[in-house]
Amino acid sequence: MKKTDARPKYALLEEKWQKRWEKKKVFASPEGKGKKYYVLEMFPYPSGSGLHMGHAFNYAVGDILARYMRMKGHRVLYPMGYDSFGLPAENAAIKEKSHPMKFTESAIKNFIAQQKKIGLSYDWSRIVMTHKPEYYRWNQFFFLKFLEKGLAYRKKSSVNWCPKCDSVLANEQVIKGKCWRHTDTNVEIRQLEQWFLKITDYVEELLDKVDGLDWPEKIKTMQKNWIGKSYGTEIDFEIGNERWPIFTTRADTIYGVTFMVVSAQHPSLMKLVTDKQKKEVMEFLKKIKSVSEKEMETLEKEGVFTGSYAKNPVTNEKVPVYAGNFVVSDYGSGMVMAVPGHDQRDYEFAKKYGLSVKVVIKPEDYELDEEKITEAYEGDGITVSSGQFSDMKNRKAIEKITHYLEKKKLGNKTVQYRLKDWLISRQRYWGTPIPIVYCDKCGIVSVPEKELPIILPDKVKFGKGNPLETNMEFVNVKCPKCKGKARRETDTMDTFFDSSWYYLRYCDNENRKEPFARKKVDYWMPVDQYIGGAEHACLHLLYARFFTKALRDLGFVEFDEPFLKLFNQGMLHGPDGFVMSKSRGNVVLPEVVSEKYGMDTARLFLVSTASTDKDTEWSENGIEGSLKFVNKVMGYFTGFKATKSGGVDKKIESKINKTIKEVSEDVENFRYNLAIIKIRNLFDKMSEEKVSRKEAEIFLKLLHPFCPHITEELWEKIGNKSFISIAKWPEADESKINIEYEKEDEVMEKTIGDVNNVLKIFKEKEKSASKLYLYVMPNEKTIYASNLGEIEKRTGLKTIVFAVNDKDKHDPEKKSSKAKPGKPGIYLE
RNA sequence: GCGGGAGUGCCGGAGUGGUCAAACGGGUCAGCCUUAGGAGCUGAUAGCUUAGUGCUUACAUAGGUUCGAAUCCUAUCUCCCGCACCA
């Protein structure tokens with residue numbers, strides 16, 4: 001019962017300050033002179049369930065930094081907004097027979113209220129919501145600009161289709177063959193005509209500039225892998241009378257090709273299938289389609305002969321062409337040359353279908369016997385049985401063979417990327433309408449800029465298919481060019497389009513004439529510190545980088561990279577050990593925690609258990625400790641009496657300056673947990689000594705980023721009229737830091753420890769003592785004397801200090817002879 | 001399979017060549033205060049040993065480098081995360 005009574009005390013206080021901050025616009029961030037600092041958290045998708053402790057943790061991390069930077073004297077831009085378009089709102093609305101608009105706006109309201117309760121120092125006047133026409137009209141605007149520039153295009157191709165989303169997905173949204181939102185739903189491949197953004201135009205820059213970013217290595221590696229650059233050779237094989245290009249990184253093994261494999265999903269597969277083989281191939285295709293999800297992971301390599309033969313361009317040998325389930329259709333050209341001697345997958349396939357294995361590379365230090373090998377040799381070595389290319393290092397052979405092919409116009413050196421163009425069409429309602437009209441006469445026609453925004457109509461029927469198609473007023477339009485009958489594009493944009501530039505809109509969120517004023521963006525951008533989870537490594541973070549580069553080339557911005565520094569805060573796990581999420585049902589709500597302990601306690605606790613970049617499991621086991629500390633601080637300042645000036649304690653002064661220095665460094669490096677330890681430590685020292693008002697204020701300032709509400713309250717209580725939120729962060733005076741004091745403390749600790757140890761032994765022997773005699777070096781006498789109170793308190797003994805050379809000291813057992821510098825003789829009685 | 005990260009005391013976790021039996025918090029135990037305490041304060045919390053000492057064993061496991069390792073190297077095991085039949 002007792003534990004829960006923190007709420008009334010702190011709730012009122014929190015509310016009071018939150019209101020004052022808002023009323024006085026303490027966190028407004030106008031442009032101006034002085035250094036700017038842009039702290040940004042990935043804006044949330046406003047889900048109906050509101051935010052939980054995991055979000056609170058994320059935002060607390062940013063808020064602490066923002067508050068620190070503000071006090072440091074920077075002009076801090078710290079905004080919040082909502083990624084409010086998207087499928088979940090649409091689905092939830094359908095389920096609850098509501099409208100996504102209604103659903104979303106109430107969710108946002110709820111989010112804002114919750115975030116305000118956490119005490120986050122956002123400049124709310126800069127709010128951005130992507131579902132508002134004032135925002136998404138600029139999506140449409142940018143889309144048209146991209147189209148003009150050739151960065152947006154429409155193409156029919158195999159696309160990922162999620163049957164549960166009822167929509168296509170970008171490659172980045174397909175995870176292990178499943179939909180990112182529906183992890184139990186297999187993504188299907190469909191041939192559709194869709195809108196793409198040419199992210200591949202920037203593939204080289206996206207790859208190159210990753211290295212220069214101050215981002216976690218992990219994220220950088222993930223992006224690089226996603227882009228997946230590999231060097232190789234494109235080689236034409238003749239099948240029938242047609243040339244079929246394939247991609248390989250191992251041109252050196254071309255003499256070892258014994259068959260070819262084309263992807264079973266290859267769009268032109270049937271061209272290769274002879275009449276005789278048709279039946280067999282069809283059966284095979286049917287079979288691999290029915291493979292369940294589970295089997296996908298351990299799938300055996302399977303295939304079927306197509307009936308065709310391919311001519312090896314170097315050897316002129318004819319090898320059979322198989323259709324196989326292990327060849328990826330959309331990488332390279334969807335067909336591979338198979339070299340079972342030097343590729344394990346090909347080897348397995350060859351063994352299964354009785355195809356021959358040829359060794360054309362042999363290791364330098366041992367022999368390979370074609371007949372006896374049990375696996376492919378994938379390493380480097382010397383080429384053998386390779387005609388004019390025999391007897392050379394295989395790496396060299398790659399060059400030679402490629403060169404030979406280039407000369408004969410049968411192939412060329414190429415680079416392959418895994419990255420594909422970004423598919424942005426979605427067959428769903430709750431998103432930005434794509435500003436395009438299809439005219440029978442004129443074809444694809446852009447909506448003129450001055451007609452923007454194309455407003456997403458309210459009235460649609462949800463059910464099967466794309467809801468926008470049910471609103472005829474929306475669909476049926478006049479062609480902007482010929483004024484004839486035309487049909488509006490009903491696909492909407494991927495919401496990652498929205499989140500690709502929201503950070504720019506914060507800089508000038510109310511601009512009605514343009515997406516943002518160049519001047520303002522120049523002032524604030526790039527983002528100095530971006531904070532968010534790692535799950536966006538290959539999604540949002542990649543798209544946003546691409547967008548920035550595209551906008552740069554369109555003349556909208558001047559910089560290359562949007563986010564200079566990225567910090568991945570750890571995931572907060574629920575009490576059950578799993579990542580906290582509504583769907584798992586293990587969420588802990590900030591309101592509940594705040595009610596029990598107060599928000600400052602919760603904030604303090606969240607960032608003090610572990611380093612903020614590590615995953616943490618939520619448990620209230622330790623929160624009592626934070627509450628105790630907050631209570632102690634409150635108590636201390638309630639009865640605070642400053643010493644009159646002149647009574648400055650050098651020791652405290654040293655400690656304070658050291659703490660300022662270290663806490664500043666810790667905060668700047670997200671070592672909040674360590675900063676808090678040092679703040680607590682300082683507090684312990686301060687509460688033992690006499691402290692001036694200035695010193696007390698420094699303590700409050702150090703604590704403020706973590707516990708903004710109580711520090712405002714106490715700041716006011718000790719006589720300040722302004723806000724501590726915008727007070728100046730203390731500067732450490734390093735000349736005042738004296739390590740001698742620390743040593744003194746250590747000596748004192750050691751002595752107290754020794755005394756307690758003796759006491760313990762006394763107790764075991766059932767002896768008792770009430771007096772402590774310390775025999776110290778003459779020059780140390782004052783140090784011990786000044787710490788007498790401390791010693792008495794912590795040992796519970798009446799203490800008398802003698803210098804070893806005091807003549808009339810009480811020393812019946814001659815313990816004074818044991819004394820050394822920093823280590824007094826001890827006698828108990 | 002590839003890539004990234006991690007394994008520390010009863011627990012959460014600091015610490016990345018000596019100042020380490022290891023910060024800080026939690027828990028537990030003991031003492032004080034007290035009518036009582038779930039509040040506060042003090043101490044203890046690897047083992048043995050001792051009037052404040054000394055020793056042994058410890059930072060996943062096994063080796064190694066070093067005057068010296070939780071910290072560096074090698075191998076192994078375990079866990080987490082990302083990618084995954086990319087030719």
# chains A, B, ... in the order shown; residues from 1 in each chain; ligands from 1

$ residues_around --residues "segment 58-74 of chain A" --least-positions-apart "3" --cutoff "7 Å" --atoms "only C-alpha atoms (C1' of nucleotides)" --output "ChimeraX atom specification"
/A:34-37,39,41,54-55,78,120-121,531,569,603,667,705-706,725-729

$ closest_atom_pairs --of "chain A" --to "chain B" --cutoff "6 Å" --atoms "only C-alpha atoms (C1' of nucleotides)" --output "Markdown table"
| residue | atom | partner | partner_atom | distance |
| --- | --- | --- | --- | --- |
| A:Lys218 | CA | B:G4 | C1' | 5.5 |
| A:Thr248 | CA | B:A87 | C1' | 5.7 |
| A:Phe326 | CA | B:C85 | C1' | 5.2 |
| A:Gly622 | CA | B:G26 | C1' | 5.0 |
| A:Ile677 | CA | B:C24 | C1' | 5.8 |
| A:Asp754 | CA | B:G52 | C1' | 4.2 |
| A:Val755 | CA | B:G52 | C1' | 5.9 |
| A:Val758 | CA | B:A51 | C1' | 5.4 |
| A:Arg794 | CA | B:U42 | C1' | 5.7 |

$ residues_around --residues "U45 of chain B" --least-positions-apart "3" --cutoff "10 Å" --atoms "only C-alpha atoms (C1' of nucleotides)" --output "NGL selection string"
:B and (9-10 or 28-29)

$ write_last_selection --atoms "N, CA and C atoms (P, O5', C5', C4', C3', O3' and C1' of nucleotides)" --output "PDB file, in the first residue's frame"
ATOM      1  P     G B   9      28.211 -14.246 -12.788  1.00  0.00           P
ATOM      2  O5'   G B   9      28.083 -13.923 -11.232  1.00  0.00           O
ATOM      3  C5'   G B   9      28.439 -14.913 -10.255  1.00  0.00           C
ATOM      4  C4'   G B   9      28.645 -14.192  -8.944  1.00  0.00           C
ATOM      5  C3'   G B   9      27.373 -14.005  -8.131  1.00  0.00           C
ATOM      6  O3'   G B   9      27.487 -14.833  -6.977  1.00  0.00           O
ATOM      7  C1'   G B   9      28.709 -12.030  -8.210  1.00  0.00           C
ATOM      8  P     C B  10      26.782 -16.091  -6.838  1.00  0.00           P
ATOM      9  O5'   C B  10      25.238 -15.681  -6.828  1.00  0.00           O
ATOM     10  C5'   C B  10      24.248 -16.702  -6.673  1.00  0.00           C
ATOM     11  C4'   C B  10      22.877 -16.081  -6.709  1.00  0.00           C
ATOM     12  C3'   C B  10      22.680 -15.037  -7.804  1.00  0.00           C
ATOM     13  O3'   C B  10      22.371 -15.645  -9.045  1.00  0.00           O
ATOM     14  C1'   C B  10      21.846 -14.198  -5.747  1.00  0.00           C
ATOM     15  P     U B  28      14.346  -8.883   0.196  1.00  0.00           P
ATOM     16  O5'   U B  28      15.503  -9.798   0.775  1.00  0.00           O
ATOM     17  C5'   U B  28      15.500 -11.206   0.538  1.00  0.00           C
ATOM     18  C4'   U B  28      16.796 -11.795   1.021  1.00  0.00           C
ATOM     19  C3'   U B  28      17.138 -11.480   2.464  1.00  0.00           C
ATOM     20  O3'   U B  28      16.458 -12.337   3.354  1.00  0.00           O
ATOM     21  C1'   U B  28      19.033 -11.107   1.119  1.00  0.00           C
ATOM     22  P     C B  29      15.990 -11.759   4.760  1.00  0.00           P
ATOM     23  O5'   C B  29      17.351 -11.747   5.588  1.00  0.00           O
ATOM     24  C5'   C B  29      18.025 -12.973   5.894  1.00  0.00           C
ATOM     25  C4'   C B  29      19.382 -12.656   6.471  1.00  0.00           C
ATOM     26  C3'   C B  29      19.373 -11.711   7.674  1.00  0.00           C
ATOM     27  O3'   C B  29      19.046 -12.394   8.872  1.00  0.00           O
ATOM     28  C1'   C B  29      21.036 -11.022   6.150  1.00  0.00           C
TER      29        C B  29
END

$ residues_around --residues "Lys156 of chain A" --least-positions-apart "6" --cutoff "8 Å" --atoms "only C-alpha atoms (C1' of nucleotides)" --output "PyMOL selection string"
chain A and resi 191-194

$ write_last_selection --atoms "all heavy atoms" --output "PDB file, in the first residue's frame"
ATOM      1  N   GLN A 191       2.325 -10.472 -61.601  1.00  0.00           N
ATOM      2  CA  GLN A 191       2.783  -9.611 -62.684  1.00  0.00           C
ATOM      3  C   GLN A 191       1.835  -8.423 -62.750  1.00  0.00           C
ATOM      4  O   GLN A 191       0.681  -8.570 -63.117  1.00  0.00           O
ATOM      5  CB  GLN A 191       2.746 -10.376 -64.017  1.00  0.00           C
ATOM      6  CG  GLN A 191       3.670 -11.583 -64.046  1.00  0.00           C
ATOM      7  CD  GLN A 191       5.135 -11.205 -64.121  1.00  0.00           C
ATOM      8  OE1 GLN A 191       5.493 -10.210 -64.727  1.00  0.00           O
ATOM      9  NE2 GLN A 191       5.980 -11.986 -63.472  1.00  0.00           N
ATOM     10  N   LEU A 192       2.319  -7.276 -62.332  1.00  0.00           N
ATOM     11  CA  LEU A 192       1.442  -6.114 -62.316  1.00  0.00           C
ATOM     12  C   LEU A 192       2.185  -4.891 -62.833  1.00  0.00           C
ATOM     13  O   LEU A 192       3.404  -4.825 -62.784  1.00  0.00           O
ATOM     14  CB  LEU A 192       0.968  -5.821 -60.891  1.00  0.00           C
ATOM     15  CG  LEU A 192       0.011  -6.820 -60.250  1.00  0.00           C
ATOM     16  CD1 LEU A 192      -0.152  -6.500 -58.783  1.00  0.00           C
ATOM     17  CD2 LEU A 192      -1.341  -6.792 -60.963  1.00  0.00           C
ATOM     18  N   GLU A 193       1.391  -3.914 -63.258  1.00  0.00           N
ATOM     19  CA  GLU A 193       1.987  -2.665 -63.669  1.00  0.00           C
ATOM     20  C   GLU A 193       1.919  -1.707 -62.495  1.00  0.00           C
ATOM     21  O   GLU A 193       0.845  -1.447 -61.961  1.00  0.00           O
ATOM     22  CB  GLU A 193       1.211  -2.099 -64.862  1.00  0.00           C
ATOM     23  CG  GLU A 193       2.118  -1.309 -65.757  1.00  0.00           C
ATOM     24  CD  GLU A 193       1.395  -0.826 -66.991  1.00  0.00           C
ATOM     25  OE1 GLU A 193       1.131  -1.653 -67.875  1.00  0.00           O
ATOM     26  OE2 GLU A 193       1.084   0.377 -67.049  1.00  0.00           O
ATOM     27  N   GLN A 194       3.056  -1.207 -62.085  1.00  0.00           N
ATOM     28  CA  GLN A 194       3.116  -0.452 -60.845  1.00  0.00           C
ATOM     29  C   GLN A 194       4.080   0.722 -60.975  1.00  0.00           C
ATOM     30  O   GLN A 194       4.889   0.771 -61.887  1.00  0.00           O
ATOM     31  CB  GLN A 194       3.629  -1.361 -59.731  1.00  0.00           C
ATOM     32  CG  GLN A 194       2.775  -2.590 -59.498  1.00  0.00           C
ATOM     33  CD  GLN A 194       1.561  -2.303 -58.666  1.00  0.00           C
ATOM     34  OE1 GLN A 194       1.663  -1.974 -57.499  1.00  0.00           O
ATOM     35  NE2 GLN A 194       0.394  -2.373 -59.265  1.00  0.00           N
TER      36      GLN A 194
END

$ closest_residue --among "A:Gly431, A:Leu541, A:Asp666, A:Lys301" --to "His131 of chain A" --atoms "only C-alpha atoms"
A:Gly431

$ select_by_dssp --residues "segment 353-398 of chain A" --states "alpha helix (DSSP H)" --output "list in words"
Tyr353, Asn394, Arg395, Lys396, Ala397 and Ile398 of chain A

$ write_last_selection --atoms "C-alpha atoms" --output "mmCIF file, in the first residue's frame"
data_model
loop_
_atom_site.group_PDB
_atom_site.id
_atom_site.type_symbol
_atom_site.label_atom_id
_atom_site.label_comp_id
_atom_site.auth_asym_id
_atom_site.auth_seq_id
_atom_site.Cartn_x
_atom_site.Cartn_y
_atom_site.Cartn_z
ATOM 1 C CA TYR A 353 20.091 -35.750 -61.184
ATOM 2 C CA ASN A 394 41.967 -18.704 -60.890
ATOM 3 C CA ARG A 395 41.658 -15.033 -59.946
ATOM 4 C CA LYS A 396 43.758 -14.227 -62.957
ATOM 5 C CA ALA A 397 41.639 -16.550 -65.075
ATOM 6 C CA ILE A 398 38.514 -14.553 -64.197
#

$ closest_residue --among "A:Ile652, A:Ile108, A:Val557, A:Ile676" --to "Val691 of chain A" --atoms "only C-alpha atoms"
A:Ile652

$ residues_around --residues "Lys318 of chain A" --least-positions-apart "3" --cutoff "12 Å" --atoms "only C-alpha atoms (C1' of nucleotides)" --output "MDAnalysis selection string"
chainID A and resid 237:240 255 257:260 308:315 321

$ select_by_dssp --residues "segment 38-112 of chain A" --states "strand (DSSP E or B)" --output "list of chain:residue names"
A:Tyr38, A:Val39, A:Leu40, A:Glu41, A:Arg75, A:Val76, A:Leu77, A:Gly81, A:Tyr82

$ residues_around --residues "Val26 of chain A" --least-positions-apart "2" --cutoff "9 Å" --atoms "only C-alpha atoms (C1' of nucleotides)" --output "list in words"
Arg20, Trp21, Glu22, Lys23, Lys24, Ala28, Ser29, Ser121, Asp123, Phe723, Ser725 and Ile726 of chain A

$ write_last_selection --atoms "N, CA and C atoms" --output "mmCIF file, in the first residue's frame"
data_model
loop_
_atom_site.group_PDB
_atom_site.id
_atom_site.type_symbol
_atom_site.label_atom_id
_atom_site.label_comp_id
_atom_site.auth_asym_id
_atom_site.auth_seq_id
_atom_site.Cartn_x
_atom_site.Cartn_y
_atom_site.Cartn_z
ATOM 1 N N ARG A 20 2.872 24.853 -17.451
ATOM 2 C CA ARG A 20 3.674 26.083 -17.535
ATOM 3 C C ARG A 20 4.595 26.085 -18.742
ATOM 4 N N TRP A 21 5.200 24.956 -18.984
ATOM 5 C CA TRP A 21 6.090 24.873 -20.154
ATOM 6 C C TRP A 21 5.318 25.210 -21.420
ATOM 7 N N GLU A 22 4.120 24.654 -21.473
ATOM 8 C CA GLU A 22 3.324 24.848 -22.667
ATOM 9 C C GLU A 22 2.890 26.305 -22.794
ATOM 10 N N LYS A 23 2.418 26.846 -21.697
ATOM 11 C CA LYS A 23 1.916 28.208 -21.711
ATOM 12 C C LYS A 23 3.007 29.208 -22.085
ATOM 13 N N LYS A 24 4.177 29.009 -21.550
ATOM 14 C CA LYS A 24 5.259 29.962 -21.802
ATOM 15 C C LYS A 24 6.092 29.589 -23.032
ATOM 16 N N ALA A 28 9.910 26.352 -27.587
ATOM 17 C CA ALA A 28 9.808 26.847 -28.955
ATOM 18 C C ALA A 28 11.222 26.961 -29.522
ATOM 19 N N SER A 29 11.332 26.738 -30.812
ATOM 20 C CA SER A 29 12.681 26.701 -31.380
ATOM 21 C C SER A 29 12.795 27.549 -32.635
ATOM 22 N N SER A 121 10.151 17.445 -24.073
ATOM 23 C CA SER A 121 10.261 18.882 -24.357
ATOM 24 C C SER A 121 10.144 19.206 -25.848
ATOM 25 N N ASP A 123 8.784 20.860 -29.280
ATOM 26 C CA ASP A 123 8.186 22.102 -29.734
ATOM 27 C C ASP A 123 6.932 21.693 -30.505
ATOM 28 N N PHE A 723 12.759 29.346 -15.618
ATOM 29 C CA PHE A 723 12.689 27.890 -15.730
ATOM 30 C C PHE A 723 14.082 27.282 -15.698
ATOM 31 N N SER A 725 14.590 24.586 -17.090
ATOM 32 C CA SER A 725 14.670 23.982 -18.426
ATOM 33 C C SER A 725 15.536 24.787 -19.387
ATOM 34 N N ILE A 726 15.560 26.101 -19.152
ATOM 35 C CA ILE A 726 16.369 26.919 -20.046
ATOM 36 C C ILE A 726 17.492 27.634 -19.293
#

$ atom_distance --atom1 "atom CA of Lys97 of chain A" --atom2 "atom CA of Trp430 of chain A"
14.8 Å

$ residues_around --residues "A46 of chain B" --least-positions-apart "2" --cutoff "9 Å" --atoms "only C-alpha atoms (C1' of nucleotides)" --output "PyMOL selection string"
chain B and resi 9+21+57-58

$ closest_residue --among "A:Val168, A:Leu627, A:Leu144, A:Ile724" --to "Pro453 of chain A" --atoms "only C-alpha atoms"
A:Leu144

$ closest_residue --among "A:Asn631, A:Ser329, A:Asn568, A:Gln388" --to "Lys9 of chain A" --atoms "only C-alpha atoms"
A:Asn631
